[in-house]
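Novice: Got a file for you: entry.pdb, PDB, C-alpha atoms and all ligand atoms.
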MODEL        1
ATOM      1  CA  MET H   1    -105.847-121.596 119.808
ATOM      2  CA  ASP H   2    -105.413-125.035 121.420
ATOM      3  CA  LEU H   3    -102.675-127.580 121.076
ATOM      4  CA  ALA H   4    -104.576-130.757 120.364
ATOM      5  CA  ALA H   5    -104.078-134.454 119.744
ATOM      6  CA  GLU H   6    -106.996-135.808 117.737
ATOM      7  CA  ARG H   7    -107.737-139.524 117.826
ATOM      8  CA  VAL H   8    -104.041-140.346 118.036
ATOM      9  CA  SER H   9    -102.775-143.922 117.927
ATOM     10  CA  VAL H  10     -99.175-145.081 118.237
ATOM     11  CA  ARG H  11     -98.054-148.665 117.889
ATOM     12  CA  PHE H  12     -94.721-150.190 118.918
ATOM     13  CA  GLY H  13     -94.722-153.665 117.411
ATOM     14  CA  GLY H  14     -97.836-155.283 118.819
ATOM     15  CA  LEU H  15     -98.199-152.763 121.626
ATOM     16  CA  MET H  16    -100.571-149.806 121.397
ATOM     17  CA  ALA H  17     -98.750-147.076 123.350
ATOM     18  CA  ASN H  18    -101.567-144.630 122.510
ATOM     19  CA  GLU H  19    -104.921-145.740 121.187
ATOM     20  CA  ASP H  20    -107.466-143.250 119.876
ATOM     21  CA  VAL H  21    -106.424-140.534 122.321
ATOM     22  CA  SER H  22    -107.848-137.025 121.997
ATOM     23  CA  LEU H  23    -106.732-134.207 124.259
ATOM     24  CA  ALA H  24    -106.435-130.438 123.989
ATOM     25  CA  VAL H  25    -104.498-127.882 126.003
ATOM     26  CA  ALA H  26    -105.791-124.313 125.932
ATOM     27  CA  PRO H  27    -103.634-121.195 126.316
ATOM     28  CA  GLY H  28    -103.369-120.197 129.984
ATOM     29  CA  GLU H  29    -104.437-123.529 131.420
ATOM     30  CA  VAL H  30    -102.514-126.192 133.298
ATOM     31  CA  LEU H  31    -103.584-129.648 132.164
ATOM     32  CA  GLY H  32    -102.423-132.633 134.193
ATOM     33  CA  LEU H  33    -101.656-135.898 132.410
ATOM     34  CA  ILE H  34    -101.663-138.861 134.746
ATOM     35  CA  GLY H  35    -101.807-142.637 134.590
ATOM     36  CA  PRO H  36     -99.867-145.675 135.789
ATOM     37  CA  ASN H  37     -96.379-146.418 134.445
ATOM     38  CA  GLY H  38     -96.519-147.498 130.822
ATOM     39  CA  ALA H  39     -99.890-145.789 130.289
ATOM     40  CA  GLY H  40     -98.563-143.851 127.286
ATOM     41  CA  LYS H  41     -98.060-140.402 128.839
ATOM     42  CA  THR H  42     -94.540-139.758 127.545
ATOM     43  CA  THR H  43     -95.518-141.104 124.140
ATOM     44  CA  LEU H  44     -98.328-138.547 123.987
ATOM     45  CA  VAL H  45     -95.939-135.727 124.907
ATOM     46  CA  ASN H  46     -93.615-136.982 122.162
ATOM     47  CA  ILE H  47     -96.518-136.795 119.728
ATOM     48  CA  LEU H  48     -97.469-133.265 120.830
ATOM     49  CA  SER H  49     -93.884-132.063 120.360
ATOM     50  CA  GLY H  50     -93.129-133.809 117.072
ATOM     51  CA  PHE H  51     -90.697-136.359 118.523
ATOM     52  CA  GLN H  52     -93.031-139.196 117.610
ATOM     53  CA  ARG H  53     -95.252-139.456 114.604
ATOM     54  CA  PRO H  54     -98.709-140.935 115.197
ATOM     55  CA  HIS H  55     -99.706-143.965 113.135
ATOM     56  CA  ALA H  56    -103.245-142.645 113.081
ATOM     57  CA  GLY H  57    -104.814-139.348 114.075
ATOM     58  CA  SER H  58    -103.404-135.832 113.978
ATOM     59  CA  VAL H  59    -101.816-133.018 115.957
ATOM     60  CA  ARG H  60    -103.148-129.503 115.577
ATOM     61  CA  LEU H  61    -101.869-126.168 116.814
ATOM     62  CA  ALA H  62    -104.559-123.497 116.701
ATOM     63  CA  GLY H  63    -106.207-125.536 113.955
ATOM     64  CA  ARG H  64    -103.055-125.913 111.884
ATOM     65  CA  ASP H  65    -102.210-129.523 111.039
ATOM     66  CA  MET H  66     -98.753-130.271 112.480
ATOM     67  CA  THR H  67     -98.859-134.039 111.941
ATOM     68  CA  GLY H  68     -95.596-135.408 110.594
ATOM     69  CA  LEU H  69     -93.615-132.185 111.013
ATOM     70  CA  LYS H  70     -90.167-132.349 112.624
ATOM     71  CA  PRO H  71     -89.495-131.412 116.268
ATOM     72  CA  ALA H  72     -87.793-128.213 115.066
ATOM     73  CA  ALA H  73     -91.025-127.101 113.401
ATOM     74  CA  PHE H  74     -92.927-127.725 116.634
ATOM     75  CA  ALA H  75     -90.293-125.751 118.563
ATOM     76  CA  GLN H  76     -90.472-122.934 116.048
ATOM     77  CA  ALA H  77     -94.235-122.826 116.502
ATOM     78  CA  GLY H  78     -93.713-122.257 120.243
ATOM     79  CA  ILE H  79     -94.121-125.763 121.593
ATOM     80  CA  VAL H  80     -91.446-126.269 124.237
ATOM     81  CA  ARG H  81     -90.884-129.513 126.061
ATOM     82  CA  THR H  82     -88.611-130.502 128.872
ATOM     83  CA  PHE H  83     -86.970-133.857 129.363
ATOM     84  CA  GLN H  84     -86.447-135.774 132.555
ATOM     85  CA  ALA H  85     -82.801-134.694 132.826
ATOM     86  CA  VAL H  86     -82.092-130.958 132.926
ATOM     87  CA  ARG H  87     -79.001-130.015 130.959
ATOM     88  CA  LEU H  88     -77.632-126.641 131.945
ATOM     89  CA  PHE H  89     -74.300-125.162 130.869
ATOM     90  CA  PRO H  90     -72.322-126.070 134.017
ATOM     91  CA  ARG H  91     -69.714-123.295 133.794
ATOM     92  CA  LEU H  92     -72.178-120.482 133.122
ATOM     93  CA  THR H  93     -74.039-118.728 135.899
ATOM     94  CA  VAL H  94     -77.727-119.361 136.317
ATOM     95  CA  ALA H  95     -78.499-115.888 134.928
ATOM     96  CA  GLU H  96     -76.303-116.597 131.899
ATOM     97  CA  ASN H  97     -78.010-119.940 131.365
ATOM     98  CA  VAL H  98     -81.322-118.123 131.025
ATOM     99  CA  GLU H  99     -79.848-115.206 129.042
ATOM    100  CA  VAL H 100     -78.527-117.591 126.389
ATOM    101  CA  GLY H 101     -82.083-118.421 125.391
ATOM    102  CA  LEU H 102     -83.113-114.775 125.270
ATOM    103  CA  VAL H 103     -80.083-113.689 123.238
ATOM    104  CA  ALA H 104     -80.682-116.585 120.850
ATOM    105  CA  ARG H 105     -84.133-115.125 120.264
ATOM    106  CA  GLY H 106     -82.555-111.815 119.264
ATOM    107  CA  MET H 107     -82.650-109.850 122.502
ATOM    108  CA  ARG H 108     -79.748-107.483 123.243
ATOM    109  CA  ARG H 109     -77.366-108.419 126.054
ATOM    110  CA  THR H 110     -78.454-105.774 128.572
ATOM    111  CA  ALA H 111     -82.150-106.362 127.954
ATOM    112  CA  ALA H 112     -81.568-110.117 128.162
ATOM    113  CA  ARG H 113     -79.817-109.701 131.516
ATOM    114  CA  ARG H 114     -82.696-107.635 132.892
ATOM    115  CA  GLU H 115     -85.292-110.061 131.573
ATOM    116  CA  ALA H 116     -83.401-113.114 132.873
ATOM    117  CA  LEU H 117     -83.221-111.628 136.369
ATOM    118  CA  ALA H 118     -86.938-110.816 136.292
ATOM    119  CA  MET H 119     -87.741-114.367 135.237
ATOM    120  CA  LEU H 120     -85.532-115.807 137.969
ATOM    121  CA  ALA H 121     -87.234-113.571 140.531
ATOM    122  CA  ASP H 122     -90.639-114.804 139.377
ATOM    123  CA  LEU H 123     -89.459-118.360 139.914
ATOM    124  CA  GLU H 124     -88.016-117.571 143.375
ATOM    125  CA  LEU H 125     -84.499-118.146 142.064
ATOM    126  CA  GLN H 126     -83.004-114.675 142.405
ATOM    127  CA  HIS H 127     -80.588-115.946 145.064
ATOM    128  CA  CYS H 128     -79.133-118.344 142.459
ATOM    129  CA  ALA H 129     -78.567-115.816 139.663
ATOM    130  CA  ALA H 130     -74.806-115.443 140.198
ATOM    131  CA  LEU H 131     -74.104-119.089 141.044
ATOM    132  CA  THR H 132     -72.697-121.453 138.481
ATOM    133  CA  ALA H 133     -75.163-124.117 137.463
ATOM    134  CA  SER H 134     -72.963-126.819 139.013
ATOM    135  CA  ALA H 135     -73.493-125.268 142.488
ATOM    136  CA  LEU H 136     -77.279-125.753 142.483
ATOM    137  CA  SER H 137     -79.326-128.172 144.523
ATOM    138  CA  TYR H 138     -81.351-130.695 142.556
ATOM    139  CA  GLY H 139     -84.601-128.785 143.140
ATOM    140  CA  GLU H 140     -83.021-125.491 142.073
ATOM    141  CA  GLU H 141     -81.581-127.109 138.975
ATOM    142  CA  ARG H 142     -85.022-128.338 137.973
ATOM    143  CA  ARG H 143     -86.515-124.880 138.413
ATOM    144  CA  VAL H 144     -83.685-123.221 136.479
ATOM    145  CA  GLY H 145     -84.569-125.686 133.729
ATOM    146  CA  LEU H 146     -88.072-124.218 133.852
ATOM    147  CA  ALA H 147     -86.653-120.674 133.709
ATOM    148  CA  ARG H 148     -84.754-121.655 130.574
ATOM    149  CA  ALA H 149     -87.917-123.041 129.047
ATOM    150  CA  LEU H 150     -89.700-119.792 129.961
ATOM    151  CA  ALA H 151     -86.968-117.806 128.161
ATOM    152  CA  LEU H 152     -88.052-119.531 124.945
ATOM    153  CA  GLU H 153     -91.450-117.798 125.294
ATOM    154  CA  PRO H 154     -93.499-120.953 124.882
ATOM    155  CA  ARG H 155     -97.032-120.904 123.577
ATOM    156  CA  PHE H 156     -97.293-124.383 125.015
ATOM    157  CA  LEU H 157     -95.022-125.979 127.563
ATOM    158  CA  LEU H 158     -94.907-129.756 127.985
ATOM    159  CA  LEU H 159     -93.368-131.002 131.236
ATOM    160  CA  ASP H 160     -92.580-134.699 131.688
ATOM    161  CA  GLU H 161     -92.459-135.454 135.423
ATOM    162  CA  PRO H 162     -90.802-132.191 136.458
ATOM    163  CA  ALA H 163     -91.157-132.963 140.184
ATOM    164  CA  ALA H 164     -89.734-136.495 140.003
ATOM    165  CA  GLY H 165     -87.320-137.064 142.854
ATOM    166  CA  LEU H 166     -88.097-133.818 144.663
ATOM    167  CA  ALA H 167     -88.846-133.629 148.379
ATOM    168  CA  SER H 168     -92.216-132.099 149.177
ATOM    169  CA  ALA H 169     -90.939-128.582 149.982
ATOM    170  CA  GLU H 170     -89.078-128.490 146.664
ATOM    171  CA  ALA H 171     -92.079-129.931 144.834
ATOM    172  CA  GLU H 172     -94.196-127.142 146.309
ATOM    173  CA  LYS H 173     -91.740-124.522 144.995
ATOM    174  CA  LEU H 174     -91.776-126.198 141.612
ATOM    175  CA  LYS H 175     -95.546-125.971 141.598
ATOM    176  CA  ARG H 176     -95.374-122.237 142.334
ATOM    177  CA  SER H 177     -92.841-121.871 139.516
ATOM    178  CA  ILE H 178     -95.162-123.592 137.046
ATOM    179  CA  ILE H 179     -97.988-121.264 138.010
ATOM    180  CA  ALA H 180     -95.640-118.261 137.763
ATOM    181  CA  ILE H 181     -94.716-119.307 134.223
ATOM    182  CA  ARG H 182     -98.348-119.628 133.243
ATOM    183  CA  ASP H 183     -99.146-116.236 134.736
ATOM    184  CA  ARG H 184     -96.118-114.576 133.180
ATOM    185  CA  CYS H 185     -96.436-115.786 129.597
ATOM    186  CA  GLY H 186    -100.012-117.031 129.409
ATOM    187  CA  CYS H 187     -98.890-120.257 127.801
ATOM    188  CA  GLY H 188    -100.778-123.516 128.046
ATOM    189  CA  ILE H 189     -98.995-126.108 130.163
ATOM    190  CA  LEU H 190     -99.291-129.874 130.049
ATOM    191  CA  VAL H 191     -97.690-131.590 133.007
ATOM    192  CA  ILE H 192     -97.122-135.286 133.601
ATOM    193  CA  GLU H 193     -96.951-135.884 137.310
ATOM    194  CA  HIS H 194     -97.271-138.799 139.706
ATOM    195  CA  ASN H 195     -97.761-136.880 142.928
ATOM    196  CA  MET H 196    -101.560-136.748 143.160
ATOM    197  CA  ALA H 197    -101.706-133.993 145.767
ATOM    198  CA  LEU H 198     -99.549-131.857 143.493
ATOM    199  CA  VAL H 199    -101.646-132.657 140.419
ATOM    200  CA  MET H 200    -104.897-131.901 142.184
ATOM    201  CA  SER H 201    -103.751-128.528 143.526
ATOM    202  CA  LEU H 202    -101.858-127.432 140.402
ATOM    203  CA  CYS H 203    -104.038-128.437 137.482
ATOM    204  CA  ASP H 204    -107.171-126.825 136.046
ATOM    205  CA  ARG H 205    -108.117-130.105 134.377
ATOM    206  CA  VAL H 206    -106.783-133.645 134.440
ATOM    207  CA  HIS H 207    -106.554-136.249 131.670
ATOM    208  CA  VAL H 208    -106.055-139.884 132.672
ATOM    209  CA  LEU H 209    -104.473-142.558 130.483
ATOM    210  CA  GLY H 210    -104.462-146.281 131.188
ATOM    211  CA  GLY H 211    -103.006-148.881 128.835
ATOM    212  CA  GLY H 212    -102.712-146.263 126.089
ATOM    213  CA  ARG H 213    -106.365-145.219 126.212
ATOM    214  CA  THR H 214    -108.180-142.323 127.792
ATOM    215  CA  ILE H 215    -109.939-143.581 130.878
ATOM    216  CA  ALA H 216    -111.138-140.251 132.258
ATOM    217  CA  ALA H 217    -110.856-136.506 131.738
ATOM    218  CA  GLY H 218    -112.290-133.711 133.836
ATOM    219  CA  LEU H 219    -111.863-131.372 136.754
ATOM    220  CA  PRO H 220    -109.522-132.488 139.565
ATOM    221  CA  ASP H 221    -112.490-133.024 141.887
ATOM    222  CA  GLU H 222    -114.202-135.219 139.300
ATOM    223  CA  ILE H 223    -111.061-137.257 138.640
ATOM    224  CA  ARG H 224    -110.441-137.816 142.328
ATOM    225  CA  ILE H 225    -113.718-139.710 142.723
ATOM    226  CA  ASP H 226    -113.875-141.331 139.279
ATOM    227  CA  PRO H 227    -114.341-145.103 139.683
ATOM    228  CA  ALA H 228    -112.362-145.945 136.499
ATOM    229  CA  VAL H 229    -109.422-143.900 137.758
ATOM    230  CA  ARG H 230    -109.539-145.587 141.140
ATOM    231  CA  THR H 231    -109.518-148.981 139.457
ATOM    232  CA  ALA H 232    -106.573-148.014 137.234
ATOM    233  CA  TYR H 233    -104.555-147.012 140.284
ATOM    234  CA  LEU H 234    -105.591-149.864 142.519
ATOM    235  CA  GLY H 235    -102.503-151.416 144.029
ATOM    236  CA  SER H 236    -100.253-148.573 142.885
ATOM    237  CA  THR H 237     -98.820-145.908 145.190
ATOM    238  CA  ALA H 238    -101.022-143.091 143.900
ATOM    239  CA  ALA H 239    -104.376-142.634 145.620
TER     240      ALA H 239
HETATM  241  N1  LIG O 301     -89.664-146.290 121.490
HETATM  242  C1  LIG O 301     -90.384-147.303 121.986
HETATM  243  N2  LIG O 301     -90.275-148.549 121.491
HETATM  244  C2  LIG O 301     -91.005-149.560 121.980
HETATM  245  N3  LIG O 301     -91.908-149.428 122.988
HETATM  246  C3  LIG O 301     -92.044-148.217 123.527
HETATM  247  C4  LIG O 301     -91.313-147.089 123.063
HETATM  248  N4  LIG O 301     -91.678-146.000 123.804
HETATM  249  C5  LIG O 301     -92.587-146.444 124.669
HETATM  250  N5  LIG O 301     -92.825-147.753 124.518
HETATM  251  C6  LIG O 301     -93.811-148.547 125.278
HETATM  252  O1  LIG O 301     -95.041-147.881 125.166
HETATM  253  C7  LIG O 301     -95.753-147.925 126.394
HETATM  254  C8  LIG O 301     -96.047-146.517 126.879
HETATM  255  O2  LIG O 301     -94.817-145.926 127.245
HETATM  256  P1  LIG O 301     -94.731-144.436 127.810
HETATM  257  O3  LIG O 301     -95.413-143.526 126.865
HETATM  258  O4  LIG O 301     -93.289-144.174 128.079
HETATM  259  O5  LIG O 301     -95.558-144.559 129.159
HETATM  260  P2  LIG O 301     -95.589-143.614 130.459
HETATM  261  O6  LIG O 301     -94.843-142.364 130.144
HETATM  262  O7  LIG O 301     -97.037-143.404 130.747
HETATM  263  O8  LIG O 301     -94.931-144.399 131.555
HETATM  264  C9  LIG O 301     -94.891-148.727 127.361
HETATM  265  O9  LIG O 301     -95.326-150.066 127.363
HETATM  266  C10 LIG O 301     -93.506-148.616 126.761
HETATM  267  O10 LIG O 301     -92.708-149.721 127.099
HETATM  268 MG    MG O 302     -93.175-141.461 131.030
ENDMDL
END
Re-express the file's structure as structure tokens.
Ligand SMILES: Nc1ncnc2c1ncn2[C@@H]1O[C@H](COP(=O)(O)OP(=O)(O)O)[C@@H](O)[C@H]1O
Ligand SMILES: [Mg+2]

Specialist:
Amino acid sequence: MDLAAERVSVRFGGLMANEDVSLAVAPGEVLGLIGPNGAGKTTLVNILSGFQRPHAGSVRLAGRDMTGLKPAAFAQAGIVRTFQAVRLFPRLTVAENVEVGLVARGMRRTAARREALAMLADLELQHCAALTASALSYGEERRVGLARALALEPRFLLLDEPAAGLASAEAEKLKRSIIAIRDRCGCGILVIEHNMALVMSLCDRVHVLGGGRTIAAGLPDEIRIDPAVRTAYLGSTAA
């Protein structure tokens, strides 16, 4: 049932952005993907969502070979990714922004409204439901982006630095929203994140990349004390 990269390599000219990387996300788990800038984290998310084709290795969803399929096929299979910039419809209300996704999946208007409000409540965004998207704070906008992703009923959700630029109180809310999504839909979540305290308290397991290769993988407590991880981060802000 996993979403898995198997021995994936990606080359850009002479640079190996990913080299022989294997990783699997299980339904219902939050997997953290960390590593210094340029480690190959975004490239791996691109691979897992069909935006980048590996030069070697494969991508499997519940055993099915997805390698080489288009992003639309990955989306259709329930793999939802977010990008750094959230793009909401600025003139629609927050509730409508979420409803759009539900209606697109075939839900009737009234049911979609009810479902959207329930999702917003789960993400502590009920107070925003009637606001237009342009009236949101940055932190709220990010979490509405998550609500929209949730409306797509992901089997797997891939989040590329969702907390980037958030103050700690907002980052904490974002963390609760990620857990609420996991609990609500049971999807597997892969999250790239630089804030170590957030990673350690949010994730069930952590995978560490350095220079395109896997340098460690394990439980947060194991990763925290792993000598190879410490070396990779030496001199960087993460500790
Ligand atoms: N489309 C591309 N063309 C050329 N080089 C790229 C491309 N995408 C990423 N890279 C390079 O691959 C390496 C890994 O990038 P990336 O996956 O974005 O790292 P991270 O997300 O961990 O910061 C970096 O050296 C980056 O410059
Ligand atoms: Mg990146």

Novice: Taking (-96.1, -142.9, 118.1) in the file's coordinates, which residues come within 9 Å, counting only C-alpha atoms, written as a ChimeraX atom specification?

Specialist: /H:8-12,16-18,43-44,46-47,51-56

Novice: Would you place a box with edges along x, y and z of the file around all atoms of segment 80-92 of chain H listed there, add 4 Å to each of its six sides, and report the centre and edge lengths in Å to one decimal, as JSON?

Specialist:
{"center_x": -80.6, "center_y": -128.1, "center_z": 129.1, "size_x": 29.7, "size_y": 23.3, "size_z": 17.8}

Novice: Given the point (-99.7, -119.4, 134.2) in the file's coordinates, find the residues that have an atom at most 12 Å from it, counting all atoms listed in the file, and give them as number ranges by chain.

Specialist: H: 26-31, 122-123, 150, 154-157, 175-190, 202-204

Novice: Which residues, named as in the file, does the PyMOL selection byres (((chain H and resi 98-105) around 6) and not hetatm) pick out? Answer as a list in words.

Specialist: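 For this structure, the PyMOL selection byres (((chain H and resi 98-105) around 6) and not hetatm) captures Ala95, Glu96, Asn97, Gly106, Met107, Ala112, Ala116, Arg148 and Ala151 of chain H.
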
Novice: To verify the selection step, state as a ChimeraX atom specification which residues the PyMOL selection byres (((not hetatm)) within 8 of (chain O and resi 302)) yields on this input.

Specialist: /H:37-38,40-43,160-161,192

Novice: List, as a ChimeraX atom specification, every residue that the PyMOL selection byres (((chain H and resi 138) around 10) and not hetatm) selects in the file provided.

Specialist: /H:86,134-137,139-144,165-167,170

Novice: Between H:Ala72, H:Leu33, H:Ala164, H:Leu3, which has the minimum distance to ligand LIG 301 (chain O) (counting all atoms listed in the file)?

Specialist: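 Counting all atoms listed in the file, the residue closest to ligand LIG 301 (chain O) is H:Leu33.
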
Novice: Closest to ligand LIG 301 (chain O) among H:Asp226, H:Asp221, H:Asp2, H:Glu193, using only C-alpha atoms and all ligand atoms?

Specialist: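 Smallest separation from ligand LIG 301 (chain O) among the options: H:Glu193.
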
Novice: So what do you get for atom CA of Ala171 of chain H versus atom O3 of ligand LIG 301 (chain O), distance-wise?

Specialist: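 Spanning atom CA of Ala171 of chain H to atom O3 of ligand LIG 301 (chain O) is a straight-line distance of 22.8 Å.
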
Novice: So how many Å separate atom CA of Leu131 of chain H and atom CA of Ala147 of chain H, to one decimal?

Specialist: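 Pair atom CA of Leu131 of chain H / atom CA of Ala147 of chain H returns 14.6 Å.
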
Novice: In Å, with one decimal, what is the gap from atom CA of Arg87 of chain H to atom O4 of ligand LIG 301 (chain O)?

Specialist: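 Rounded to one decimal, the two atoms are 20.3 Å apart.
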
Novice: Show me, as a PyMOL selection string, the residues that have an atom within 8 Å of Val59 of chain H when counting all atoms listed in the file, minus same-chain residues fewer than 3 positions from it.

Specialist: chain H and resi 3-6+8+47-48+65-67

Novice: Given all atoms listed in the file as the basis, pick out the residue of H:Val208, H:Ala228, H:Ala75, H:Met196 nearest to ligand LIG 301 (chain O).

Specialist: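 Of H:Val208, H:Ala228, H:Ala75, H:Met196, the one nearest ligand LIG 301 (chain O), counting all atoms listed in the file, is H:Val208.
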
Novice: May I ask you to restore N, CA and C atoms in segment 186-215 of chain H and write the result as a JSON list (two decimals), keeping the file's coordinate frame?

Specialist:
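Done, and the output landed in part37.json:
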[["chain", "number", "residue", "atom", "x", "y", "z"],
["H", 186, "GLY", "N", -98.68, -116.68, 129.90],
["H", 186, "GLY", "CA", -100.01, -117.03, 129.41],
["H", 186, "GLY", "C", -100.04, -118.29, 128.57],
["H", 187, "CYS", "N", -98.95, -119.05, 128.62],
["H", 187, "CYS", "CA", -98.89, -120.26, 127.80],
["H", 187, "CYS", "C", -99.79, -121.34, 128.38],
["H", 188, "GLY", "N", -100.12, -122.32, 127.56],
["H", 188, "GLY", "CA", -100.78, -123.52, 128.05],
["H", 188, "GLY", "C", -99.73, -124.50, 128.51],
["H", 189, "ILE", "N", -99.99, -125.19, 129.60],
["H", 189, "ILE", "CA", -99.00, -126.11, 130.16],
["H", 189, "ILE", "C", -99.60, -127.49, 130.32],
["H", 190, "LEU", "N", -98.91, -128.49, 129.80],
["H", 190, "LEU", "CA", -99.29, -129.87, 130.05],
["H", 190, "LEU", "C", -98.23, -130.48, 130.95],
["H", 191, "VAL", "N", -98.66, -131.05, 132.06],
["H", 191, "VAL", "CA", -97.69, -131.59, 133.01],
["H", 191, "VAL", "C", -98.02, -133.03, 133.37],
["H", 192, "ILE", "N", -97.01, -133.90, 133.15],
["H", 192, "ILE", "CA", -97.12, -135.29, 133.60],
["H", 192, "ILE", "C", -96.59, -135.32, 135.02],
["H", 193, "GLU", "N", -97.39, -135.89, 135.91],
["H", 193, "GLU", "CA", -96.95, -135.88, 137.31],
["H", 193, "GLU", "C", -97.58, -137.05, 138.06],
["H", 194, "HIS", "N", -96.78, -137.65, 138.95],
["H", 194, "HIS", "CA", -97.27, -138.80, 139.71],
["H", 194, "HIS", "C", -97.81, -138.42, 141.08],
["H", 195, "ASN", "N", -97.33, -137.29, 141.59],
["H", 195, "ASN", "CA", -97.76, -136.88, 142.93],
["H", 195, "ASN", "C", -99.19, -136.32, 142.84],
["H", 196, "MET", "N", -100.14, -137.10, 143.33],
["H", 196, "MET", "CA", -101.56, -136.75, 143.16],
["H", 196, "MET", "C", -101.93, -135.45, 143.85],
["H", 197, "ALA", "N", -101.37, -135.23, 145.05],
["H", 197, "ALA", "CA", -101.71, -133.99, 145.77],
["H", 197, "ALA", "C", -101.25, -132.79, 144.94],
["H", 198, "LEU", "N", -100.09, -132.93, 144.33],
["H", 198, "LEU", "CA", -99.55, -131.86, 143.49],
["H", 198, "LEU", "C", -100.44, -131.65, 142.26],
["H", 199, "VAL", "N", -100.79, -132.74, 141.61],
["H", 199, "VAL", "CA", -101.65, -132.66, 140.42],
["H", 199, "VAL", "C", -102.97, -131.97, 140.75],
["H", 200, "MET", "N", -103.57, -132.40, 141.85],
["H", 200, "MET", "CA", -104.90, -131.90, 142.18],
["H", 200, "MET", "C", -104.88, -130.42, 142.54],
["H", 201, "SER", "N", -103.78, -129.95, 143.14],
["H", 201, "SER", "CA", -103.75, -128.53, 143.53],
["H", 201, "SER", "C", -103.19, -127.64, 142.42],
["H", 202, "LEU", "N", -102.49, -128.23, 141.46],
["H", 202, "LEU", "CA", -101.86, -127.43, 140.40],
["H", 202, "LEU", "C", -102.74, -127.29, 139.16],
["H", 203, "CYS", "N", -103.46, -128.37, 138.82],
["H", 203, "CYS", "CA", -104.04, -128.44, 137.48],
["H", 203, "CYS", "C", -105.47, -127.91, 137.42],
["H", 204, "ASP", "N", -105.80, -127.27, 136.29],
["H", 204, "ASP", "CA", -107.17, -126.82, 136.05],
["H", 204, "ASP", "C", -108.03, -128.00, 135.62],
["H", 205, "ARG", "N", -107.43, -128.90, 134.83],
["H", 205, "ARG", "CA", -108.12, -130.10, 134.38],
["H", 205, "ARG", "C", -107.12, -131.25, 134.40],
["H", 206, "VAL", "N", -107.65, -132.47, 134.40],
["H", 206, "VAL", "CA", -106.78, -133.65, 134.44],
["H", 206, "VAL", "C", -107.26, -134.64, 133.39],
["H", 207, "HIS", "N", -106.28, -135.21, 132.67],
["H", 207, "HIS", "CA", -106.55, -136.25, 131.67],
["H", 207, "HIS", "C", -105.87, -137.52, 132.14],
["H", 208, "VAL", "N", -106.60, -138.63, 132.14],
["H", 208, "VAL", "CA", -106.06, -139.88, 132.67],
["H", 208, "VAL", "C", -105.92, -140.92, 131.56],
["H", 209, "LEU", "N", -104.71, -141.46, 131.42],
["H", 209, "LEU", "CA", -104.47, -142.56, 130.48],
["H", 209, "LEU", "C", -104.29, -143.86, 131.26],
["H", 210, "GLY", "N", -104.71, -144.95, 130.64],
["H", 210, "GLY", "CA", -104.46, -146.28, 131.19],
["H", 210, "GLY", "C", -104.33, -147.23, 130.01],
["H", 211, "GLY", "N", -103.20, -147.95, 129.95],
["H", 211, "GLY", "CA", -103.01, -148.88, 128.84],
["H", 211, "GLY", "C", -103.13, -148.22, 127.47],
["H", 212, "GLY", "N", -102.71, -146.96, 127.37],
["H", 212, "GLY", "CA", -102.71, -146.26, 126.09],
["H", 212, "GLY", "C", -104.02, -145.56, 125.73],
["H", 213, "ARG", "N", -105.06, -145.82, 126.53],
["H", 213, "ARG", "CA", -106.36, -145.22, 126.21],
["H", 213, "ARG", "C", -106.75, -144.18, 127.25],
["H", 214, "THR", "N", -107.63, -143.28, 126.84],
["H", 214, "THR", "CA", -108.18, -142.32, 127.79],
["H", 214, "THR", "C", -109.18, -143.04, 128.69],
["H", 215, "ILE", "N", -108.95, -142.95, 130.01],
["H", 215, "ILE", "CA", -109.94, -143.58, 130.88],
["H", 215, "ILE", "C", -110.78, -142.55, 131.62]]
